[in-house]
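work38.csv follows (CSV, C-alpha atoms):
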chain,number,residue,atom,x,y,z
A,1,MET,CA,5.1,-7.9,-16.7
A,2,ILE,CA,6.4,-9.1,-13.3
A,3,LEU,CA,4.2,-10.5,-10.5
A,4,GLU,CA,5.4,-9.7,-7.0
A,5,VAL,CA,4.1,-12.3,-4.5
A,6,ALA,CA,4.2,-11.9,-0.7
A,7,ILE,CA,2.7,-14.1,2.0
A,8,LEU,CA,1.8,-11.8,4.8
A,9,ASN,CA,1.5,-13.3,8.3
A,10,ILE,CA,-0.1,-10.7,10.5
A,11,LYS,CA,0.4,-10.6,14.3
A,12,GLU,CA,-2.4,-12.5,16.0
A,13,GLY,CA,-5.6,-10.4,16.4
A,14,LEU,CA,-4.5,-7.5,14.2
A,15,SER,CA,-6.1,-8.4,10.9
A,16,GLN,CA,-8.8,-5.8,11.1
A,17,GLU,CA,-6.3,-3.1,11.9
A,18,PHE,CA,-4.1,-4.3,9.1
A,19,GLU,CA,-6.9,-4.3,6.5
A,20,GLN,CA,-7.8,-0.7,7.5
A,21,ALA,CA,-4.1,0.4,7.2
A,22,PHE,CA,-3.9,-1.4,3.8
A,23,GLU,CA,-6.8,0.7,2.5
A,24,GLY,CA,-4.6,3.8,2.8
A,25,ALA,CA,-1.4,2.0,1.7
A,26,GLN,CA,-2.9,0.7,-1.5
A,27,ASP,CA,-3.3,4.3,-2.7
A,28,ILE,CA,0.5,4.7,-2.3
A,29,ILE,CA,1.5,1.6,-4.3
A,30,SER,CA,-1.0,2.3,-7.0
A,31,SER,CA,0.4,5.7,-7.7
A,32,MET,CA,3.9,4.4,-8.4
A,33,LYS,CA,5.6,4.3,-11.8
A,34,GLY,CA,5.3,0.8,-13.3
A,35,TYR,CA,2.4,-0.3,-11.1
A,36,ILE,CA,-0.2,-2.2,-13.0
A,37,SER,CA,-2.6,-3.8,-10.5
A,38,HIS,CA,-2.8,-5.6,-7.1
A,39,GLN,CA,-4.8,-8.0,-5.1
A,40,LEU,CA,-4.9,-8.6,-1.3
A,41,LYS,CA,-6.5,-11.9,-0.5
A,42,LYS,CA,-7.3,-13.3,3.0
A,43,CYS,CA,-6.5,-16.9,3.7
A,44,VAL,CA,-9.5,-19.2,4.2
A,45,GLU,CA,-7.6,-21.8,6.3
A,46,GLU,CA,-5.6,-19.5,8.6
A,47,ASP,CA,-6.6,-16.4,10.4
A,48,ASP,CA,-4.3,-13.5,10.2
A,49,LYS,CA,-2.7,-14.6,6.9
A,50,TYR,CA,-2.9,-12.9,3.5
A,51,ILE,CA,-1.3,-13.0,0.1
A,52,LEU,CA,-0.4,-9.8,-1.7
A,53,LEU,CA,-0.1,-10.0,-5.5
A,54,VAL,CA,1.2,-6.9,-7.3
A,55,ASN,CA,1.7,-6.7,-11.1
A,56,TRP,CA,4.6,-4.4,-12.1
A,57,GLU,CA,5.9,-3.5,-15.6
A,58,THR,CA,9.4,-4.4,-14.6
A,59,ILE,CA,11.2,-5.8,-11.5
A,60,GLU,CA,13.1,-2.5,-11.3
A,61,ASP,CA,9.8,-0.6,-10.9
A,62,HIS,CA,9.3,-2.6,-7.7
A,63,GLU,CA,12.8,-3.1,-6.4
A,64,ILE,CA,14.2,0.3,-7.2
A,65,GLY,CA,11.4,2.7,-8.2
A,66,PHE,CA,9.1,1.7,-5.2
A,67,ARG,CA,11.4,0.3,-2.6
A,68,GLN,CA,13.9,3.2,-2.8
A,69,SER,CA,11.2,5.9,-2.9
A,70,GLU,CA,9.9,8.3,-0.2
A,71,GLU,CA,6.5,6.7,-0.8
A,72,TYR,CA,7.9,3.4,0.4
A,73,LYS,CA,8.8,5.0,3.7
A,74,GLN,CA,5.1,5.8,4.1
A,75,TRP,CA,4.1,2.2,3.1
A,76,LYS,CA,6.5,0.8,5.6
A,77,ALA,CA,5.2,3.0,8.4
A,78,LEU,CA,1.6,2.0,7.7
A,79,LEU,CA,2.2,-1.8,7.3
A,80,HIS,CA,5.5,-3.3,8.4
A,81,HIS,CA,4.7,-3.4,12.2
A,82,PHE,CA,1.8,-5.8,11.5
A,83,TYR,CA,4.1,-8.6,10.1
A,84,GLU,CA,5.4,-11.6,12.1
A,85,PRO,CA,7.6,-12.8,10.6
A,86,PHE,CA,8.6,-10.3,8.0
A,87,PRO,CA,7.4,-11.6,4.6
A,88,THR,CA,9.6,-13.1,1.9
A,89,VAL,CA,8.8,-11.4,-1.4
A,90,GLU,CA,9.3,-13.2,-4.7
A,91,HIS,CA,8.9,-12.2,-8.3
A,92,TYR,CA,7.5,-14.2,-11.2
A,93,LYS,CA,7.2,-13.7,-14.9
Let's see the structure in the file written out as structure tokens.
Amino acid sequence: MILEVAILNIKEGLSQEFEQAFEGAQDIISSMKGYISHQLKKCVEEDDKYILLVNWETIEDHEIGFRQSEEYKQWKALLHHFYEPFPTVEHYK
């Protein structure tokens, strides 16, 4: 199993809109091959900051299966405009 970790810094004041958009986006990611589970957690110390944790069967399920899919284009359209700066994504085993 691979854990994808992304720190998401949301543009100031857009957290509520981001959370609403994520409600729909999580249906996209959870339908992907190799997806196991995910958690989105809001930072206690900093407004407009989250951590996204996604468990995948393999790194390829995330990097190729998801990121090179048509579904990823939908995910991107729903969420990417909220990020400032764009998040660094890391993988752990």
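Note that the spacing between atom CA of A:Glu23 and atom CA of A:Ile51 amounts to 15.0 Å.
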Nearest to A:Glu84: which of A:His62, A:Lys33, A:His38, A:Lys49 is it, counting all atoms listed in the file?
A:Lys49
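Using only C-alpha atoms for every distance, the candidate list A:Gly24, A:Gly34, A:Gly65, A:Pro85 yields A:Pro85 as the residue closest to A:Ile10.
The interatomic distance for the pair atom CA of A:Met1 and atom CA of A:Lys93 works out to 6.4 Å.
Considering only C-alpha atoms, the residue among A:Asp27, A:Glu12, A:Glu17, A:Glu57 positioned nearest to A:Tyr72 is A:Asp27.
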Fewer than 3 positions away in the same chain doesn't count, so skip those; otherwise give me all residues within 12 Å of A:Asp61, counting all atoms listed in the file, as a ChimeraX atom specification.
/A:1-4,29-36,54-58,64-69,91
Keeping only C-alpha atoms, write the selected residues to a file as an mmCIF file, in the coordinates of the input.
data_model
loop_
_atom_site.group_PDB
_atom_site.id
_atom_site.type_symbol
_atom_site.label_atom_id
_atom_site.label_comp_id
_atom_site.auth_asym_id
_atom_site.auth_seq_id
_atom_site.Cartn_x
_atom_site.Cartn_y
_atom_site.Cartn_z
ATOM 1 C CA MET A 1 5.100 -7.900 -16.700
ATOM 2 C CA ILE A 2 6.400 -9.100 -13.300
ATOM 3 C CA LEU A 3 4.200 -10.500 -10.500
ATOM 4 C CA GLU A 4 5.400 -9.700 -7.000
ATOM 5 C CA ILE A 29 1.500 1.600 -4.300
ATOM 6 C CA SER A 30 -1.000 2.300 -7.000
ATOM 7 C CA SER A 31 0.400 5.700 -7.700
ATOM 8 C CA MET A 32 3.900 4.400 -8.400
ATOM 9 C CA LYS A 33 5.600 4.300 -11.800
ATOM 10 C CA GLY A 34 5.300 0.800 -13.300
ATOM 11 C CA TYR A 35 2.400 -0.300 -11.100
ATOM 12 C CA ILE A 36 -0.200 -2.200 -13.000
ATOM 13 C CA VAL A 54 1.200 -6.900 -7.300
ATOM 14 C CA ASN A 55 1.700 -6.700 -11.100
ATOM 15 C CA TRP A 56 4.600 -4.400 -12.100
ATOM 16 C CA GLU A 57 5.900 -3.500 -15.600
ATOM 17 C CA THR A 58 9.400 -4.400 -14.600
ATOM 18 C CA ILE A 64 14.200 0.300 -7.200
ATOM 19 C CA GLY A 65 11.400 2.700 -8.200
ATOM 20 C CA PHE A 66 9.100 1.700 -5.200
ATOM 21 C CA ARG A 67 11.400 0.300 -2.600
ATOM 22 C CA GLN A 68 13.900 3.200 -2.800
ATOM 23 C CA SER A 69 11.200 5.900 -2.900
ATOM 24 C CA HIS A 91 8.900 -12.200 -8.300
#
I want to know what sits within 8 Å of stretch 77-80 of chain A, based on only C-alpha atoms, with residues of the same chain fewer than 4 positions away left out; could you give that as number ranges by chain?
A: 18, 21-22, 25, 73, 86
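The space separating atom CA of A:Lys11 from atom CA of A:Gln26 comes to 19.7 Å.
With distances restricted to all atoms listed in the file, A:Val5 is the closest residue to A:Leu40 from A:Pro87, A:Glu60, A:Val5, A:His81.
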All heavy atoms of stretch 71-83 of chain A from block above, as a PDB file, in the first residue's frame:
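Resulting contents of out_30.pdb:
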ATOM      1  N   GLU A  71     -10.935  11.153 -15.600  1.00  0.00           N
ATOM      2  CA  GLU A  71     -11.499  11.534 -14.303  1.00  0.00           C
ATOM      3  C   GLU A  71     -10.630  12.591 -13.618  1.00  0.00           C
ATOM      4  O   GLU A  71     -11.142  13.474 -12.934  1.00  0.00           O
ATOM      5  CB  GLU A  71     -11.643  10.304 -13.391  1.00  0.00           C
ATOM      6  CG  GLU A  71     -12.715   9.335 -13.836  1.00  0.00           C
ATOM      7  CD  GLU A  71     -12.228   8.289 -14.841  1.00  0.00           C
ATOM      8  OE1 GLU A  71     -11.109   8.421 -15.372  1.00  0.00           O
ATOM      9  OE2 GLU A  71     -12.983   7.339 -15.085  1.00  0.00           O
ATOM     10  N   TYR A  72      -9.307  12.498 -13.824  1.00  0.00           N
ATOM     11  CA  TYR A  72      -8.409  13.488 -13.225  1.00  0.00           C
ATOM     12  C   TYR A  72      -8.684  14.888 -13.769  1.00  0.00           C
ATOM     13  O   TYR A  72      -8.582  15.870 -13.042  1.00  0.00           O
ATOM     14  CB  TYR A  72      -6.944  13.111 -13.454  1.00  0.00           C
ATOM     15  CG  TYR A  72      -5.971  14.073 -12.800  1.00  0.00           C
ATOM     16  CD1 TYR A  72      -5.784  14.064 -11.422  1.00  0.00           C
ATOM     17  CD2 TYR A  72      -5.258  14.994 -13.556  1.00  0.00           C
ATOM     18  CE1 TYR A  72      -4.906  14.946 -10.814  1.00  0.00           C
ATOM     19  CE2 TYR A  72      -4.375  15.878 -12.961  1.00  0.00           C
ATOM     20  CZ  TYR A  72      -4.203  15.851 -11.585  1.00  0.00           C
ATOM     21  OH  TYR A  72      -3.335  16.726 -10.983  1.00  0.00           O
ATOM     22  N   LYS A  73      -9.076  14.978 -15.018  1.00  0.00           N
ATOM     23  CA  LYS A  73      -9.411  16.287 -15.593  1.00  0.00           C
ATOM     24  C   LYS A  73     -10.595  16.901 -14.853  1.00  0.00           C
ATOM     25  O   LYS A  73     -10.632  18.109 -14.624  1.00  0.00           O
ATOM     26  CB  LYS A  73      -9.713  16.151 -17.080  1.00  0.00           C
ATOM     27  CG  LYS A  73      -8.490  15.787 -17.905  1.00  0.00           C
ATOM     28  CD  LYS A  73      -8.849  15.589 -19.362  1.00  0.00           C
ATOM     29  CE  LYS A  73      -7.643  15.116 -20.153  1.00  0.00           C
ATOM     30  NZ  LYS A  73      -7.972  14.813 -21.554  1.00  0.00           N
ATOM     31  N   GLN A  74     -11.557  16.080 -14.465  1.00  0.00           N
ATOM     32  CA  GLN A  74     -12.701  16.561 -13.677  1.00  0.00           C
ATOM     33  C   GLN A  74     -12.248  16.999 -12.281  1.00  0.00           C
ATOM     34  O   GLN A  74     -12.670  18.040 -11.776  1.00  0.00           O
ATOM     35  CB  GLN A  74     -13.757  15.470 -13.558  1.00  0.00           C
ATOM     36  CG  GLN A  74     -14.372  15.053 -14.868  1.00  0.00           C
ATOM     37  CD  GLN A  74     -15.215  13.798 -14.705  1.00  0.00           C
ATOM     38  OE1 GLN A  74     -15.668  13.459 -13.616  1.00  0.00           O
ATOM     39  NE2 GLN A  74     -15.418  13.083 -15.805  1.00  0.00           N
ATOM     40  N   TRP A  75     -11.403  16.179 -11.640  1.00  0.00           N
ATOM     41  CA  TRP A  75     -10.842  16.483 -10.322  1.00  0.00           C
ATOM     42  C   TRP A  75     -10.122  17.840 -10.366  1.00  0.00           C
ATOM     43  O   TRP A  75     -10.328  18.704  -9.521  1.00  0.00           O
ATOM     44  CB  TRP A  75      -9.882  15.356  -9.940  1.00  0.00           C
ATOM     45  CG  TRP A  75      -9.034  15.546  -8.740  1.00  0.00           C
ATOM     46  CD1 TRP A  75      -7.814  16.142  -8.691  1.00  0.00           C
ATOM     47  CD2 TRP A  75      -9.318  15.120  -7.397  1.00  0.00           C
ATOM     48  NE1 TRP A  75      -7.310  16.106  -7.418  1.00  0.00           N
ATOM     49  CE2 TRP A  75      -8.216  15.482  -6.599  1.00  0.00           C
ATOM     50  CE3 TRP A  75     -10.381  14.447  -6.808  1.00  0.00           C
ATOM     51  CZ2 TRP A  75      -8.159  15.213  -5.241  1.00  0.00           C
ATOM     52  CZ3 TRP A  75     -10.310  14.182  -5.449  1.00  0.00           C
ATOM     53  CH2 TRP A  75      -9.222  14.555  -4.690  1.00  0.00           C
ATOM     54  N   LYS A  76      -9.293  17.991 -11.385  1.00  0.00           N
ATOM     55  CA  LYS A  76      -8.513  19.212 -11.561  1.00  0.00           C
ATOM     56  C   LYS A  76      -9.431  20.429 -11.722  1.00  0.00           C
ATOM     57  O   LYS A  76      -9.209  21.468 -11.100  1.00  0.00           O
ATOM     58  CB  LYS A  76      -7.620  19.033 -12.796  1.00  0.00           C
ATOM     59  CG  LYS A  76      -6.694  20.165 -13.090  1.00  0.00           C
ATOM     60  CD  LYS A  76      -5.832  19.816 -14.304  1.00  0.00           C
ATOM     61  CE  LYS A  76      -4.978  20.987 -14.698  1.00  0.00           C
ATOM     62  NZ  LYS A  76      -4.115  20.672 -15.850  1.00  0.00           N
ATOM     63  N   ALA A  77     -10.469  20.295 -12.541  1.00  0.00           N
ATOM     64  CA  ALA A  77     -11.398  21.406 -12.762  1.00  0.00           C
ATOM     65  C   ALA A  77     -12.138  21.793 -11.482  1.00  0.00           C
ATOM     66  O   ALA A  77     -12.392  22.979 -11.236  1.00  0.00           O
ATOM     67  CB  ALA A  77     -12.395  21.043 -13.857  1.00  0.00           C
ATOM     68  N   LEU A  78     -12.445  20.811 -10.646  1.00  0.00           N
ATOM     69  CA  LEU A  78     -13.156  21.079  -9.394  1.00  0.00           C
ATOM     70  C   LEU A  78     -12.269  21.724  -8.330  1.00  0.00           C
ATOM     71  O   LEU A  78     -12.742  22.573  -7.561  1.00  0.00           O
ATOM     72  CB  LEU A  78     -13.735  19.781  -8.820  1.00  0.00           C
ATOM     73  CG  LEU A  78     -14.978  19.223  -9.489  1.00  0.00           C
ATOM     74  CD1 LEU A  78     -15.266  17.818  -8.970  1.00  0.00           C
ATOM     75  CD2 LEU A  78     -16.173  20.145  -9.237  1.00  0.00           C
ATOM     76  N   LEU A  79     -10.983  21.343  -8.269  1.00  0.00           N
ATOM     77  CA  LEU A  79     -10.176  21.684  -7.107  1.00  0.00           C
ATOM     78  C   LEU A  79      -8.951  22.558  -7.345  1.00  0.00           C
ATOM     79  O   LEU A  79      -8.581  23.336  -6.461  1.00  0.00           O
ATOM     80  CB  LEU A  79      -9.710  20.398  -6.408  1.00  0.00           C
ATOM     81  CG  LEU A  79     -10.813  19.481  -5.887  1.00  0.00           C
ATOM     82  CD1 LEU A  79     -10.210  18.228  -5.296  1.00  0.00           C
ATOM     83  CD2 LEU A  79     -11.697  20.200  -4.886  1.00  0.00           C
ATOM     84  N   HIS A  80      -8.293  22.440  -8.461  1.00  0.00           N
ATOM     85  CA  HIS A  80      -6.964  23.052  -8.603  1.00  0.00           C
ATOM     86  C   HIS A  80      -6.956  24.573  -8.506  1.00  0.00           C
ATOM     87  O   HIS A  80      -5.954  25.146  -8.082  1.00  0.00           O
ATOM     88  CB  HIS A  80      -6.290  22.579  -9.882  1.00  0.00           C
ATOM     89  CG  HIS A  80      -5.766  21.183  -9.785  1.00  0.00           C
ATOM     90  ND1 HIS A  80      -4.812  20.683 -10.638  1.00  0.00           N
ATOM     91  CD2 HIS A  80      -6.060  20.169  -8.939  1.00  0.00           C
ATOM     92  CE1 HIS A  80      -4.550  19.425 -10.315  1.00  0.00           C
ATOM     93  NE2 HIS A  80      -5.301  19.093  -9.295  1.00  0.00           N
ATOM     94  N   HIS A  81      -8.050  25.223  -8.837  1.00  0.00           N
ATOM     95  CA  HIS A  81      -8.068  26.686  -8.751  1.00  0.00           C
ATOM     96  C   HIS A  81      -8.118  27.213  -7.315  1.00  0.00           C
ATOM     97  O   HIS A  81      -7.921  28.404  -7.090  1.00  0.00           O
ATOM     98  CB  HIS A  81      -9.244  27.252  -9.570  1.00  0.00           C
ATOM     99  CG  HIS A  81     -10.586  26.831  -9.069  1.00  0.00           C
ATOM    100  ND1 HIS A  81     -11.123  25.587  -9.343  1.00  0.00           N
ATOM    101  CD2 HIS A  81     -11.478  27.478  -8.302  1.00  0.00           C
ATOM    102  CE1 HIS A  81     -12.314  25.501  -8.762  1.00  0.00           C
ATOM    103  NE2 HIS A  81     -12.551  26.626  -8.126  1.00  0.00           N
ATOM    104  N   PHE A  82      -8.306  26.336  -6.339  1.00  0.00           N
ATOM    105  CA  PHE A  82      -8.320  26.755  -4.926  1.00  0.00           C
ATOM    106  C   PHE A  82      -6.914  26.837  -4.321  1.00  0.00           C
ATOM    107  O   PHE A  82      -6.730  27.472  -3.290  1.00  0.00           O
ATOM    108  CB  PHE A  82      -9.142  25.773  -4.080  1.00  0.00           C
ATOM    109  CG  PHE A  82     -10.613  25.845  -4.318  1.00  0.00           C
ATOM    110  CD1 PHE A  82     -11.269  24.828  -5.001  1.00  0.00           C
ATOM    111  CD2 PHE A  82     -11.363  26.920  -3.858  1.00  0.00           C
ATOM    112  CE1 PHE A  82     -12.634  24.877  -5.215  1.00  0.00           C
ATOM    113  CE2 PHE A  82     -12.735  26.984  -4.059  1.00  0.00           C
ATOM    114  CZ  PHE A  82     -13.375  25.956  -4.745  1.00  0.00           C
ATOM    115  N   TYR A  83      -5.931  26.196  -4.916  1.00  0.00           N
ATOM    116  CA  TYR A  83      -4.607  26.047  -4.299  1.00  0.00           C
ATOM    117  C   TYR A  83      -3.708  27.257  -4.541  1.00  0.00           C
ATOM    118  O   TYR A  83      -3.594  27.753  -5.640  1.00  0.00           O
ATOM    119  CB  TYR A  83      -3.882  24.806  -4.833  1.00  0.00           C
ATOM    120  CG  TYR A  83      -4.663  23.520  -4.736  1.00  0.00           C
ATOM    121  CD1 TYR A  83      -4.550  22.557  -5.730  1.00  0.00           C
ATOM    122  CD2 TYR A  83      -5.499  23.249  -3.668  1.00  0.00           C
ATOM    123  CE1 TYR A  83      -5.250  21.361  -5.660  1.00  0.00           C
ATOM    124  CE2 TYR A  83      -6.196  22.061  -3.586  1.00  0.00           C
ATOM    125  CZ  TYR A  83      -6.075  21.116  -4.586  1.00  0.00           C
ATOM    126  OH  TYR A  83      -6.765  19.942  -4.514  1.00  0.00           O
TER     127      TYR A  83
END
